[in-house]
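Pasting input.txt here (compact mmCIF, N, CA and C atoms):
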# COMPACT_ATOMS: atom_id res chain seq x y z
N MET A 929 -166.13 221.06 72.13
CA MET A 929 -164.84 220.44 71.97
C MET A 929 -164.95 219.11 71.22
N GLN A 930 -165.94 218.30 71.64
CA GLN A 930 -166.13 217.00 70.99
C GLN A 930 -166.57 217.19 69.54
N THR A 931 -167.41 218.16 69.26
CA THR A 931 -167.86 218.45 67.90
C THR A 931 -166.69 218.88 67.03
N THR A 932 -165.81 219.68 67.58
CA THR A 932 -164.62 220.13 66.85
C THR A 932 -163.75 218.94 66.46
N MET A 933 -163.56 218.01 67.36
CA MET A 933 -162.75 216.82 67.08
C MET A 933 -163.39 215.96 66.00
N ILE A 934 -164.71 215.86 66.01
CA ILE A 934 -165.42 215.09 64.98
C ILE A 934 -165.24 215.75 63.62
N VAL A 935 -165.37 217.06 63.55
CA VAL A 935 -165.20 217.79 62.28
C VAL A 935 -163.78 217.64 61.77
N ILE A 936 -162.81 217.76 62.65
CA ILE A 936 -161.39 217.60 62.26
C ILE A 936 -161.15 216.18 61.75
N GLY A 937 -161.73 215.20 62.41
CA GLY A 937 -161.59 213.80 61.99
C GLY A 937 -162.18 213.57 60.60
N ILE A 938 -163.35 214.15 60.34
CA ILE A 938 -163.99 214.02 59.02
C ILE A 938 -163.14 214.68 57.95
N ILE A 939 -162.63 215.86 58.23
CA ILE A 939 -161.79 216.58 57.27
C ILE A 939 -160.52 215.78 56.96
N LEU A 940 -159.88 215.27 57.98
CA LEU A 940 -158.67 214.45 57.79
C LEU A 940 -158.98 213.21 56.96
N GLY A 941 -160.10 212.57 57.26
CA GLY A 941 -160.51 211.38 56.51
C GLY A 941 -160.71 211.70 55.03
N LEU A 942 -161.37 212.82 54.76
CA LEU A 942 -161.60 213.23 53.36
C LEU A 942 -160.28 213.55 52.66
N LEU A 943 -159.38 214.20 53.37
CA LEU A 943 -158.08 214.51 52.77
C LEU A 943 -157.29 213.24 52.43
N ILE A 944 -157.36 212.26 53.29
CA ILE A 944 -156.68 210.99 53.03
C ILE A 944 -157.28 210.30 51.81
N ILE A 945 -158.59 210.29 51.72
CA ILE A 945 -159.25 209.69 50.56
C ILE A 945 -158.86 210.42 49.28
N LEU A 946 -158.87 211.75 49.30
CA LEU A 946 -158.49 212.52 48.12
C LEU A 946 -157.03 212.26 47.73
N PHE A 947 -156.15 212.11 48.71
CA PHE A 947 -154.75 211.81 48.44
C PHE A 947 -154.63 210.50 47.68
N TYR A 948 -155.30 209.46 48.14
CA TYR A 948 -155.20 208.15 47.48
C TYR A 948 -155.83 208.16 46.09
N ILE A 949 -156.89 208.92 45.89
CA ILE A 949 -157.50 209.04 44.56
C ILE A 949 -156.53 209.73 43.61
N ALA A 950 -155.91 210.82 44.06
CA ALA A 950 -154.95 211.54 43.22
C ALA A 950 -153.74 210.67 42.91
N LYS A 951 -153.27 209.94 43.89
CA LYS A 951 -152.12 209.05 43.69
C LYS A 951 -152.43 207.97 42.66
N ALA A 952 -153.62 207.40 42.73
CA ALA A 952 -154.03 206.37 41.77
C ALA A 952 -154.13 206.94 40.36
N LYS A 953 -154.66 208.15 40.23
CA LYS A 953 -154.76 208.78 38.91
C LYS A 953 -153.39 209.05 38.32
N MET A 954 -152.46 209.54 39.14
CA MET A 954 -151.11 209.83 38.65
C MET A 954 -150.39 208.55 38.24
N LYS A 955 -150.60 207.50 38.99
CA LYS A 955 -149.93 206.24 38.69
C LYS A 955 -150.41 205.67 37.35
N ASN A 956 -151.65 205.92 37.01
CA ASN A 956 -152.23 205.41 35.77
C ASN A 956 -152.08 206.36 34.59
N THR A 957 -151.33 207.44 34.77
CA THR A 957 -151.12 208.38 33.68
C THR A 957 -150.32 207.68 32.58
N PRO A 958 -150.84 207.69 31.35
CA PRO A 958 -150.14 206.97 30.28
C PRO A 958 -148.84 207.66 29.88
N LEU A 959 -147.92 206.87 29.33
CA LEU A 959 -146.66 207.39 28.82
C LEU A 959 -146.93 207.97 27.44
N VAL A 960 -146.64 209.26 27.25
CA VAL A 960 -146.90 209.95 25.99
C VAL A 960 -145.65 209.89 25.14
N SER A 961 -145.82 209.65 23.83
CA SER A 961 -144.68 209.64 22.91
C SER A 961 -144.10 211.04 22.81
N ASP A 962 -142.78 211.10 22.64
CA ASP A 962 -142.11 212.39 22.50
C ASP A 962 -142.33 212.97 21.11
N ASN A 963 -142.42 214.28 21.08
CA ASN A 963 -142.47 215.04 19.84
C ASN A 963 -141.17 214.78 19.06
N ASP A 964 -141.24 214.79 17.74
CA ASP A 964 -140.05 214.59 16.91
C ASP A 964 -138.99 215.65 17.16
N LYS A 965 -139.39 216.81 17.64
CA LYS A 965 -138.45 217.91 17.88
C LYS A 965 -137.68 217.76 19.19
N ILE A 966 -138.07 216.82 20.03
CA ILE A 966 -137.38 216.59 21.30
C ILE A 966 -136.27 215.58 21.07
N LYS A 967 -135.07 215.93 21.50
CA LYS A 967 -133.91 215.05 21.34
C LYS A 967 -133.72 214.22 22.60
N ASN A 968 -133.51 212.94 22.42
CA ASN A 968 -133.14 212.07 23.53
C ASN A 968 -131.64 212.19 23.71
N LEU A 969 -131.24 212.73 24.85
CA LEU A 969 -129.84 212.99 25.11
C LEU A 969 -129.20 211.81 25.83
N THR A 970 -127.97 211.51 25.42
CA THR A 970 -127.22 210.40 25.99
C THR A 970 -125.84 210.91 26.40
N ASP A 971 -125.06 210.02 27.01
CA ASP A 971 -123.67 210.38 27.35
C ASP A 971 -122.90 210.76 26.09
N ASN A 972 -123.20 210.08 24.99
CA ASN A 972 -122.45 210.29 23.75
C ASN A 972 -122.83 211.56 23.00
N ASN A 973 -124.11 211.96 23.02
CA ASN A 973 -124.52 213.10 22.20
C ASN A 973 -124.85 214.36 23.00
N PHE A 974 -124.72 214.31 24.31
CA PHE A 974 -125.13 215.44 25.15
C PHE A 974 -124.38 216.72 24.78
N LYS A 975 -123.06 216.64 24.73
CA LYS A 975 -122.25 217.82 24.45
C LYS A 975 -122.56 218.39 23.06
N GLN A 976 -122.72 217.50 22.09
CA GLN A 976 -123.01 217.91 20.71
C GLN A 976 -124.32 218.71 20.62
N HIS A 977 -125.34 218.25 21.33
CA HIS A 977 -126.66 218.90 21.24
C HIS A 977 -126.81 220.11 22.15
N THR A 978 -125.94 220.28 23.14
CA THR A 978 -126.10 221.40 24.06
C THR A 978 -125.12 222.54 23.82
N ASN A 979 -124.07 222.32 23.09
CA ASN A 979 -123.11 223.40 22.81
C ASN A 979 -123.65 224.34 21.73
N GLY A 980 -123.45 225.65 21.97
CA GLY A 980 -123.82 226.65 20.97
C GLY A 980 -125.29 226.95 20.85
N ARG A 981 -126.07 226.52 21.82
CA ARG A 981 -127.51 226.81 21.78
C ARG A 981 -128.10 226.80 23.18
N ILE A 982 -129.36 227.16 23.22
CA ILE A 982 -130.11 227.14 24.49
C ILE A 982 -130.99 225.89 24.48
N VAL A 983 -130.85 225.08 25.53
CA VAL A 983 -131.55 223.80 25.59
C VAL A 983 -132.25 223.65 26.94
N LEU A 984 -133.50 223.26 26.90
CA LEU A 984 -134.22 222.89 28.11
C LEU A 984 -134.13 221.37 28.21
N VAL A 985 -133.46 220.88 29.25
CA VAL A 985 -133.24 219.44 29.42
C VAL A 985 -134.13 218.92 30.54
N ASP A 986 -134.91 217.91 30.20
CA ASP A 986 -135.80 217.25 31.15
C ASP A 986 -135.13 215.98 31.65
N PHE A 987 -134.84 215.92 32.94
CA PHE A 987 -134.32 214.71 33.56
C PHE A 987 -135.53 213.95 34.10
N TRP A 988 -135.75 212.75 33.62
CA TRP A 988 -136.98 212.02 33.90
C TRP A 988 -136.72 210.52 34.01
N ALA A 989 -137.77 209.77 34.39
CA ALA A 989 -137.75 208.30 34.40
C ALA A 989 -139.15 207.81 34.06
N SER A 990 -139.23 206.66 33.45
CA SER A 990 -140.52 206.13 33.00
C SER A 990 -141.46 205.80 34.15
N TRP A 991 -140.91 205.49 35.33
CA TRP A 991 -141.74 205.13 36.48
C TRP A 991 -142.27 206.35 37.24
N CYS A 992 -141.84 207.55 36.85
CA CYS A 992 -142.18 208.78 37.56
C CYS A 992 -143.48 209.39 37.02
N ALA A 993 -144.53 209.37 37.84
CA ALA A 993 -145.83 209.89 37.41
C ALA A 993 -145.79 211.38 37.06
N PRO A 994 -145.17 212.25 37.86
CA PRO A 994 -145.09 213.66 37.46
C PRO A 994 -144.32 213.85 36.15
N CYS A 995 -143.33 212.99 35.89
CA CYS A 995 -142.60 213.06 34.62
C CYS A 995 -143.54 212.77 33.45
N ARG A 996 -144.44 211.84 33.66
CA ARG A 996 -145.43 211.52 32.63
C ARG A 996 -146.37 212.70 32.38
N LEU A 997 -146.66 213.44 33.44
CA LEU A 997 -147.50 214.63 33.28
C LEU A 997 -146.77 215.72 32.50
N MET A 998 -145.45 215.76 32.62
CA MET A 998 -144.64 216.77 31.91
C MET A 998 -144.53 216.50 30.42
N ALA A 999 -144.62 215.25 30.01
CA ALA A 999 -144.36 214.88 28.61
C ALA A 999 -145.22 215.67 27.60
N PRO A 1000 -146.54 215.74 27.75
CA PRO A 1000 -147.32 216.50 26.77
C PRO A 1000 -147.01 218.01 26.81
N ILE A 1001 -146.66 218.50 27.99
CA ILE A 1001 -146.30 219.92 28.12
C ILE A 1001 -145.01 220.19 27.35
N LEU A 1002 -144.03 219.31 27.50
CA LEU A 1002 -142.77 219.48 26.77
C LEU A 1002 -142.96 219.34 25.27
N ASN A 1003 -143.88 218.48 24.85
CA ASN A 1003 -144.19 218.36 23.43
C ASN A 1003 -144.71 219.69 22.88
N GLU A 1004 -145.58 220.35 23.64
CA GLU A 1004 -146.11 221.65 23.22
C GLU A 1004 -145.02 222.71 23.20
N VAL A 1005 -144.15 222.70 24.20
CA VAL A 1005 -143.05 223.66 24.25
C VAL A 1005 -142.15 223.47 23.03
N ALA A 1006 -141.80 222.23 22.73
CA ALA A 1006 -140.92 221.94 21.58
C ALA A 1006 -141.55 222.43 20.28
N ASN A 1007 -142.85 222.33 20.15
CA ASN A 1007 -143.54 222.80 18.94
C ASN A 1007 -143.44 224.30 18.76
N GLU A 1008 -143.34 225.03 19.86
CA GLU A 1008 -143.35 226.48 19.79
C GLU A 1008 -141.96 227.11 19.69
N LEU A 1009 -140.91 226.32 19.86
CA LEU A 1009 -139.56 226.87 19.83
C LEU A 1009 -139.03 226.89 18.39
N ASN A 1010 -138.20 227.89 18.11
CA ASN A 1010 -137.57 227.93 16.81
C ASN A 1010 -136.22 227.22 16.88
N GLY A 1011 -135.46 227.25 15.81
CA GLY A 1011 -134.20 226.51 15.74
C GLY A 1011 -133.14 226.93 16.74
N LYS A 1012 -133.26 228.12 17.30
CA LYS A 1012 -132.27 228.60 18.27
C LYS A 1012 -132.37 227.87 19.61
N TYR A 1013 -133.58 227.42 19.93
CA TYR A 1013 -133.85 226.74 21.19
C TYR A 1013 -134.20 225.28 20.93
N MET A 1014 -133.96 224.43 21.94
CA MET A 1014 -134.25 223.01 21.78
C MET A 1014 -134.70 222.42 23.12
N VAL A 1015 -135.47 221.35 23.04
CA VAL A 1015 -135.86 220.58 24.22
C VAL A 1015 -135.20 219.21 24.10
N GLY A 1016 -134.56 218.79 25.20
CA GLY A 1016 -133.94 217.47 25.25
C GLY A 1016 -134.39 216.73 26.49
N LYS A 1017 -134.26 215.40 26.44
CA LYS A 1017 -134.66 214.58 27.58
C LYS A 1017 -133.53 213.62 27.93
N VAL A 1018 -133.31 213.44 29.23
CA VAL A 1018 -132.33 212.49 29.72
C VAL A 1018 -133.05 211.49 30.63
N ASP A 1019 -133.02 210.23 30.25
CA ASP A 1019 -133.58 209.16 31.06
C ASP A 1019 -132.56 208.84 32.16
N ILE A 1020 -132.88 209.20 33.39
CA ILE A 1020 -131.90 209.06 34.48
C ILE A 1020 -131.60 207.60 34.81
N GLU A 1021 -132.47 206.69 34.43
CA GLU A 1021 -132.21 205.28 34.66
C GLU A 1021 -131.09 204.78 33.74
N ARG A 1022 -131.09 205.27 32.52
CA ARG A 1022 -130.10 204.82 31.53
C ARG A 1022 -128.82 205.64 31.57
N PHE A 1023 -128.93 206.92 31.93
CA PHE A 1023 -127.77 207.82 31.88
C PHE A 1023 -127.57 208.50 33.23
N GLN A 1024 -127.30 207.68 34.23
CA GLN A 1024 -127.12 208.16 35.59
C GLN A 1024 -125.95 209.12 35.71
N SER A 1025 -124.97 208.98 34.85
CA SER A 1025 -123.79 209.86 34.92
C SER A 1025 -124.18 211.31 34.63
N LEU A 1026 -125.12 211.53 33.72
CA LEU A 1026 -125.57 212.89 33.43
C LEU A 1026 -126.37 213.46 34.61
N ALA A 1027 -127.21 212.62 35.20
CA ALA A 1027 -127.97 213.06 36.37
C ALA A 1027 -127.03 213.41 37.52
N THR A 1028 -125.98 212.63 37.68
CA THR A 1028 -124.99 212.90 38.73
C THR A 1028 -124.23 214.17 38.43
N LYS A 1029 -123.82 214.34 37.20
CA LYS A 1029 -123.06 215.53 36.80
C LYS A 1029 -123.83 216.81 37.12
N PHE A 1030 -125.15 216.79 36.87
CA PHE A 1030 -125.98 217.98 37.11
C PHE A 1030 -126.65 217.98 38.48
N LYS A 1031 -126.25 217.04 39.33
CA LYS A 1031 -126.74 216.96 40.71
C LYS A 1031 -128.28 216.94 40.78
N VAL A 1032 -128.87 216.09 39.95
CA VAL A 1032 -130.32 215.93 39.95
C VAL A 1032 -130.70 215.06 41.13
N ARG A 1033 -131.50 215.61 42.03
CA ARG A 1033 -131.88 214.91 43.27
C ARG A 1033 -133.32 214.41 43.23
N SER A 1034 -134.16 215.07 42.46
CA SER A 1034 -135.56 214.63 42.33
C SER A 1034 -135.99 214.87 40.90
N ILE A 1035 -137.03 214.18 40.51
CA ILE A 1035 -137.52 214.32 39.14
C ILE A 1035 -139.02 214.57 39.15
N PRO A 1036 -139.54 215.25 38.15
CA PRO A 1036 -138.81 215.81 37.03
C PRO A 1036 -138.00 217.04 37.42
N THR A 1037 -136.80 217.11 36.89
CA THR A 1037 -135.97 218.31 37.01
C THR A 1037 -135.71 218.80 35.60
N LEU A 1038 -136.00 220.08 35.37
CA LEU A 1038 -135.75 220.70 34.07
C LEU A 1038 -134.62 221.69 34.25
N ILE A 1039 -133.58 221.54 33.45
CA ILE A 1039 -132.44 222.44 33.54
C ILE A 1039 -132.29 223.18 32.22
N LEU A 1040 -132.22 224.49 32.33
CA LEU A 1040 -132.04 225.35 31.16
C LEU A 1040 -130.55 225.60 30.98
N LEU A 1041 -130.04 225.19 29.83
CA LEU A 1041 -128.62 225.31 29.55
C LEU A 1041 -128.39 226.31 28.43
N LYS A 1042 -127.29 227.03 28.54
CA LYS A 1042 -126.83 227.89 27.45
C LYS A 1042 -125.38 227.51 27.20
N ASP A 1043 -125.11 227.08 25.99
CA ASP A 1043 -123.77 226.60 25.62
C ASP A 1043 -123.28 225.51 26.57
N GLY A 1044 -124.19 224.64 26.98
CA GLY A 1044 -123.83 223.51 27.84
C GLY A 1044 -123.71 223.82 29.32
N LYS A 1045 -123.93 225.07 29.70
CA LYS A 1045 -123.80 225.47 31.11
C LYS A 1045 -125.18 225.82 31.69
N GLU A 1046 -125.41 225.36 32.91
CA GLU A 1046 -126.70 225.60 33.57
C GLU A 1046 -126.89 227.08 33.87
N ILE A 1047 -128.08 227.59 33.49
CA ILE A 1047 -128.42 228.97 33.84
C ILE A 1047 -129.68 229.05 34.69
N ASN A 1048 -130.47 227.96 34.70
CA ASN A 1048 -131.66 227.94 35.55
C ASN A 1048 -132.10 226.49 35.74
N ARG A 1049 -132.86 226.26 36.80
CA ARG A 1049 -133.32 224.90 37.14
C ARG A 1049 -134.73 224.99 37.68
N PHE A 1050 -135.57 224.04 37.26
CA PHE A 1050 -136.95 223.97 37.72
C PHE A 1050 -137.24 222.54 38.14
N VAL A 1051 -137.78 222.37 39.33
CA VAL A 1051 -138.08 221.04 39.84
C VAL A 1051 -139.59 220.89 39.96
N GLY A 1052 -140.11 219.78 39.48
CA GLY A 1052 -141.54 219.52 39.54
C GLY A 1052 -142.22 219.86 38.23
N VAL A 1053 -143.51 219.65 38.20
CA VAL A 1053 -144.30 219.90 37.00
C VAL A 1053 -144.47 221.40 36.81
N LYS A 1054 -144.16 221.86 35.60
CA LYS A 1054 -144.29 223.28 35.25
C LYS A 1054 -145.19 223.41 34.03
N GLN A 1055 -145.84 224.55 33.92
CA GLN A 1055 -146.76 224.78 32.81
C GLN A 1055 -146.02 225.32 31.58
N LYS A 1056 -146.60 225.12 30.42
CA LYS A 1056 -146.01 225.53 29.15
C LYS A 1056 -145.67 227.02 29.13
N ASP A 1057 -146.59 227.85 29.53
CA ASP A 1057 -146.36 229.30 29.49
C ASP A 1057 -145.18 229.71 30.36
N PHE A 1058 -145.08 229.11 31.53
CA PHE A 1058 -143.95 229.40 32.42
C PHE A 1058 -142.63 229.03 31.75
N LEU A 1059 -142.56 227.83 31.18
CA LEU A 1059 -141.32 227.37 30.54
C LEU A 1059 -140.95 228.24 29.35
N LEU A 1060 -141.92 228.58 28.52
CA LEU A 1060 -141.63 229.44 27.36
C LEU A 1060 -141.13 230.81 27.80
N LYS A 1061 -141.73 231.35 28.86
CA LYS A 1061 -141.29 232.66 29.38
C LYS A 1061 -139.85 232.58 29.86
N GLU A 1062 -139.50 231.52 30.59
CA GLU A 1062 -138.15 231.37 31.12
C GLU A 1062 -137.13 231.15 29.99
N ILE A 1063 -137.50 230.40 28.99
CA ILE A 1063 -136.60 230.16 27.85
C ILE A 1063 -136.37 231.46 27.10
N ASN A 1064 -137.43 232.22 26.88
CA ASN A 1064 -137.32 233.46 26.13
C ASN A 1064 -136.58 234.56 26.86
N LYS A 1065 -136.41 234.42 28.18
CA LYS A 1065 -135.62 235.40 28.96
C LYS A 1065 -134.15 235.31 28.62
N VAL A 1066 -133.71 234.13 28.17
CA VAL A 1066 -132.29 233.88 27.92
C VAL A 1066 -131.88 234.57 26.63
N LYS A 1067 -130.79 235.30 26.69
CA LYS A 1067 -130.28 236.00 25.50
C LYS A 1067 -129.02 235.34 25.04

In structure tokens, what does this structure look like?
Amino acid sequence: MQTTMIVIGIILGLLIILFYIAKAKMKNTPLVSDNDKIKNLTDNNFKQHTNGRIVLVDFWASWCAPCRLMAPILNEVANELNGKYMVGKVDIERFQSLATKFKVRSIPTLILLKDGKEINRFVGVKQKDFLLKEINKVK
């Protein structure tokens, strides 16, 4: 019984250490520049860029470490899309009204829009292949 408690204590200690190491690495993740193909969406241009096409919109903030992890993935996704599809980003700090309109509760939140209407939503970090597959499902 005492040996079991010692082993559990060691495992918990290691998990706590790993958690803090991972947290420190995420916090130090650099901010990656956006690909030229990614549109920065605002209150003024949102409707213009989302009507008549399929758009993957990333709701993000500069202080969000998982959002920083998504940036290079979204750059790759934008490179692989043709003119029919687009990737856009909404900075929730600057355009809170858009985040409120789409009921964004946590970030990163990626919303797939068709003609300005939500057809799918993904919360958290997603991989390029997953996003491309979901975008290509839309007709």

Taking all atoms of stretch 987-1001 of chain A that appear in the file, build a box with edges along x, y and z, extend it by 5 Å on every side, and state its centre and edge lengths in Å to one decimal, as AutoDock Vina command-line options.
--center_x -140.9 --center_y 212.7 --center_z 32.3 --size_x 23.2 --size_y 25.1 --size_z 21.1

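What separates atom C of A:Ile982 from atom C of A:Phe1030 is a distance of 16.7 Å.
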
Open item on the list: Measuring between only C-alpha atoms, which one of A:Glu1046, A:Ser1034, A:Gln1055, A:Arg1022 shows the shortest distance to A:Thr978?
Closed with: A:Glu1046

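For A:Gln1024, the list of residues within 12 Å, based on only C-alpha atoms and with local chain neighbours fewer than 4 positions off taken out, reads Leu969, Thr970, Asp971, Phe987, Trp988, Ala989, Val1018, Asp1019, Ile1020, Thr1028, Lys1029, Phe1030, Lys1031, Val1032 and Arg1033 of chain A.
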
Task: Point-to-point distance from atom N of A:Ile1035 to atom C of A:Lys965, Å rounded to tenths - done: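 One can read the atom N of A:Ile1035 to atom C of A:Lys965 distance as 21.6 Å.
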
- [ ] Could you jot down the atom CA of A:Lys1045 to atom N of A:Gln976 separation for me, Å, one decimal place?
- [x] 12.1 Å

- [ ] Just the residues within 6 Å of A:Leu1038, please, counting only N, CA and C atoms, with nothing from its chain fewer than 2 positions along; format it as an MDAnalysis selection string.
- [x] chainID A and resid 985:987 1036 1040 1048:1052

How would the residues just picked look written out with N, CA and C atoms as a short mmCIF file (atom, residue, chain, number, x, y, z; two decimals), in the frame of the given file?
data_model
loop_
_atom_site.label_atom_id
_atom_site.label_comp_id
_atom_site.auth_asym_id
_atom_site.auth_seq_id
_atom_site.Cartn_x
_atom_site.Cartn_y
_atom_site.Cartn_z
N VAL A 985 -133.46 220.88 29.25
CA VAL A 985 -133.24 219.44 29.42
C VAL A 985 -134.13 218.92 30.54
N ASP A 986 -134.91 217.91 30.20
CA ASP A 986 -135.80 217.25 31.15
C ASP A 986 -135.13 215.98 31.65
N PHE A 987 -134.84 215.92 32.94
CA PHE A 987 -134.32 214.71 33.56
C PHE A 987 -135.53 213.95 34.10
N PRO A 1036 -139.54 215.25 38.15
CA PRO A 1036 -138.81 215.81 37.03
C PRO A 1036 -138.00 217.04 37.42
N LEU A 1040 -132.22 224.49 32.33
CA LEU A 1040 -132.04 225.35 31.16
C LEU A 1040 -130.55 225.60 30.98
N ASN A 1048 -130.47 227.96 34.70
CA ASN A 1048 -131.66 227.94 35.55
C ASN A 1048 -132.10 226.49 35.74
N ARG A 1049 -132.86 226.26 36.80
CA ARG A 1049 -133.32 224.90 37.14
C ARG A 1049 -134.73 224.99 37.68
N PHE A 1050 -135.57 224.04 37.26
CA PHE A 1050 -136.95 223.97 37.72
C PHE A 1050 -137.24 222.54 38.14
N VAL A 1051 -137.78 222.37 39.33
CA VAL A 1051 -138.08 221.04 39.84
C VAL A 1051 -139.59 220.89 39.96
N GLY A 1052 -140.11 219.78 39.48
CA GLY A 1052 -141.54 219.52 39.54
C GLY A 1052 -142.22 219.86 38.23
#

- [ ] Using all atoms listed in the file, pick whichever of A:Ser990, A:Asn1064, A:Ala999, A:Leu943 has the shortest atom-to-atom distance to A:Glu1021.
- [x]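 Checking each candidate against A:Glu1021, we get A:Ser990 as the closest.
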
Task: Given only C-alpha atoms as the counted atoms, nearest of A:Lys1067, A:His977, A:Lys1017, A:Lys1012 to A:Asn963 - done: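 Nearest candidate to A:Asn963 out of A:Lys1067, A:His977, A:Lys1017, A:Lys1012: A:Lys1017.
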
Task: Within 5 Å of file point (-129.0, 224.5, 27.9), counting all atoms listed in the file, expressed as a PyMOL selection string - done: chain A and resi 982-984+1040-1042+1044

Selection to disk with N, CA and C atoms, as a short mmCIF file (atom, residue, chain, number, x, y, z; two decimals), in the frame of the given file:
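So the final result, stored in again-v6.cif, reads:
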data_model
loop_
_atom_site.label_atom_id
_atom_site.label_comp_id
_atom_site.auth_asym_id
_atom_site.auth_seq_id
_atom_site.Cartn_x
_atom_site.Cartn_y
_atom_site.Cartn_z
N ILE A 982 -129.36 227.16 23.22
CA ILE A 982 -130.11 227.14 24.49
C ILE A 982 -130.99 225.89 24.48
N VAL A 983 -130.85 225.08 25.53
CA VAL A 983 -131.55 223.80 25.59
C VAL A 983 -132.25 223.65 26.94
N LEU A 984 -133.50 223.26 26.90
CA LEU A 984 -134.22 222.89 28.11
C LEU A 984 -134.13 221.37 28.21
N LEU A 1040 -132.22 224.49 32.33
CA LEU A 1040 -132.04 225.35 31.16
C LEU A 1040 -130.55 225.60 30.98
N LEU A 1041 -130.04 225.19 29.83
CA LEU A 1041 -128.62 225.31 29.55
C LEU A 1041 -128.39 226.31 28.43
N LYS A 1042 -127.29 227.03 28.54
CA LYS A 1042 -126.83 227.89 27.45
C LYS A 1042 -125.38 227.51 27.20
N GLY A 1044 -124.19 224.64 26.98
CA GLY A 1044 -123.83 223.51 27.84
C GLY A 1044 -123.71 223.82 29.32
#

Task: Expected answer as a PyMOL selection string: helix (DSSP H, G or I) residues in chain A - done: chain A and resi 930-955+974-978+993-1008+1024-1029+1056-1065

Task: Nearest candidate to A:Leu1059 (options A:Val1005, A:Cys992, A:Ile1047, A:Met933; using all atoms listed in the file) - done: A:Val1005

Go through chain A and collect every residue that DSSP, computed from the backbone, puts in strand (DSSP E or B); the answer should be as a compact mmCIF listing (two decimals) with N, CA and C atoms, in the coordinates of the input.
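As written to disk, states-v6.txt reads:
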# COMPACT_ATOMS: atom_id res chain seq x y z
N ILE A 966 -138.07 216.82 20.03
CA ILE A 966 -137.38 216.59 21.30
C ILE A 966 -136.27 215.58 21.07
N LYS A 967 -135.07 215.93 21.50
CA LYS A 967 -133.91 215.05 21.34
C LYS A 967 -133.72 214.22 22.60
N ASN A 968 -133.51 212.94 22.42
CA ASN A 968 -133.14 212.07 23.53
C ASN A 968 -131.64 212.19 23.71
N ILE A 982 -129.36 227.16 23.22
CA ILE A 982 -130.11 227.14 24.49
C ILE A 982 -130.99 225.89 24.48
N VAL A 983 -130.85 225.08 25.53
CA VAL A 983 -131.55 223.80 25.59
C VAL A 983 -132.25 223.65 26.94
N LEU A 984 -133.50 223.26 26.90
CA LEU A 984 -134.22 222.89 28.11
C LEU A 984 -134.13 221.37 28.21
N VAL A 985 -133.46 220.88 29.25
CA VAL A 985 -133.24 219.44 29.42
C VAL A 985 -134.13 218.92 30.54
N ASP A 986 -134.91 217.91 30.20
CA ASP A 986 -135.80 217.25 31.15
C ASP A 986 -135.13 215.98 31.65
N PHE A 987 -134.84 215.92 32.94
CA PHE A 987 -134.32 214.71 33.56
C PHE A 987 -135.53 213.95 34.10
N TRP A 988 -135.75 212.75 33.62
CA TRP A 988 -136.98 212.02 33.90
C TRP A 988 -136.72 210.52 34.01
N TYR A 1013 -133.58 227.42 19.93
CA TYR A 1013 -133.85 226.74 21.19
C TYR A 1013 -134.20 225.28 20.93
N MET A 1014 -133.96 224.43 21.94
CA MET A 1014 -134.25 223.01 21.78
C MET A 1014 -134.70 222.42 23.12
N VAL A 1015 -135.47 221.35 23.04
CA VAL A 1015 -135.86 220.58 24.22
C VAL A 1015 -135.20 219.21 24.10
N GLY A 1016 -134.56 218.79 25.20
CA GLY A 1016 -133.94 217.47 25.25
C GLY A 1016 -134.39 216.73 26.49
N LYS A 1017 -134.26 215.40 26.44
CA LYS A 1017 -134.66 214.58 27.58
C LYS A 1017 -133.53 213.62 27.93
N VAL A 1018 -133.31 213.44 29.23
CA VAL A 1018 -132.33 212.49 29.72
C VAL A 1018 -133.05 211.49 30.63
N ASP A 1019 -133.02 210.23 30.25
CA ASP A 1019 -133.58 209.16 31.06
C ASP A 1019 -132.56 208.84 32.16
N THR A 1037 -136.80 217.11 36.89
CA THR A 1037 -135.97 218.31 37.01
C THR A 1037 -135.71 218.80 35.60
N LEU A 1038 -136.00 220.08 35.37
CA LEU A 1038 -135.75 220.70 34.07
C LEU A 1038 -134.62 221.69 34.25
N ILE A 1039 -133.58 221.54 33.45
CA ILE A 1039 -132.44 222.44 33.54
C ILE A 1039 -132.29 223.18 32.22
N LEU A 1040 -132.22 224.49 32.33
CA LEU A 1040 -132.04 225.35 31.16
C LEU A 1040 -130.55 225.60 30.98
N LEU A 1041 -130.04 225.19 29.83
CA LEU A 1041 -128.62 225.31 29.55
C LEU A 1041 -128.39 226.31 28.43
N LYS A 1042 -127.29 227.03 28.54
CA LYS A 1042 -126.83 227.89 27.45
C LYS A 1042 -125.38 227.51 27.20
N LYS A 1045 -123.93 225.07 29.70
CA LYS A 1045 -123.80 225.47 31.11
C LYS A 1045 -125.18 225.82 31.69
N GLU A 1046 -125.41 225.36 32.91
CA GLU A 1046 -126.70 225.60 33.57
C GLU A 1046 -126.89 227.08 33.87
N ILE A 1047 -128.08 227.59 33.49
CA ILE A 1047 -128.42 228.97 33.84
C ILE A 1047 -129.68 229.05 34.69
N ASN A 1048 -130.47 227.96 34.70
CA ASN A 1048 -131.66 227.94 35.55
C ASN A 1048 -132.10 226.49 35.74
N ARG A 1049 -132.86 226.26 36.80
CA ARG A 1049 -133.32 224.90 37.14
C ARG A 1049 -134.73 224.99 37.68
N PHE A 1050 -135.57 224.04 37.26
CA PHE A 1050 -136.95 223.97 37.72
C PHE A 1050 -137.24 222.54 38.14
N VAL A 1051 -137.78 222.37 39.33
CA VAL A 1051 -138.08 221.04 39.84
C VAL A 1051 -139.59 220.89 39.96

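The closest residue to A:Cys995, picked from A:Val935, A:Val1053, A:Met929, A:Leu942 and counting only C-alpha atoms, is A:Val1053.
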
Open item on the list: Using only N, CA and C atoms, can you tell me which of A:Ile938, A:Leu1060, A:Val960, A:Leu946 comes closest to A:Pro1000?
Closed with: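 The shortest atom-to-atom distance to A:Pro1000 comes from A:Val960.
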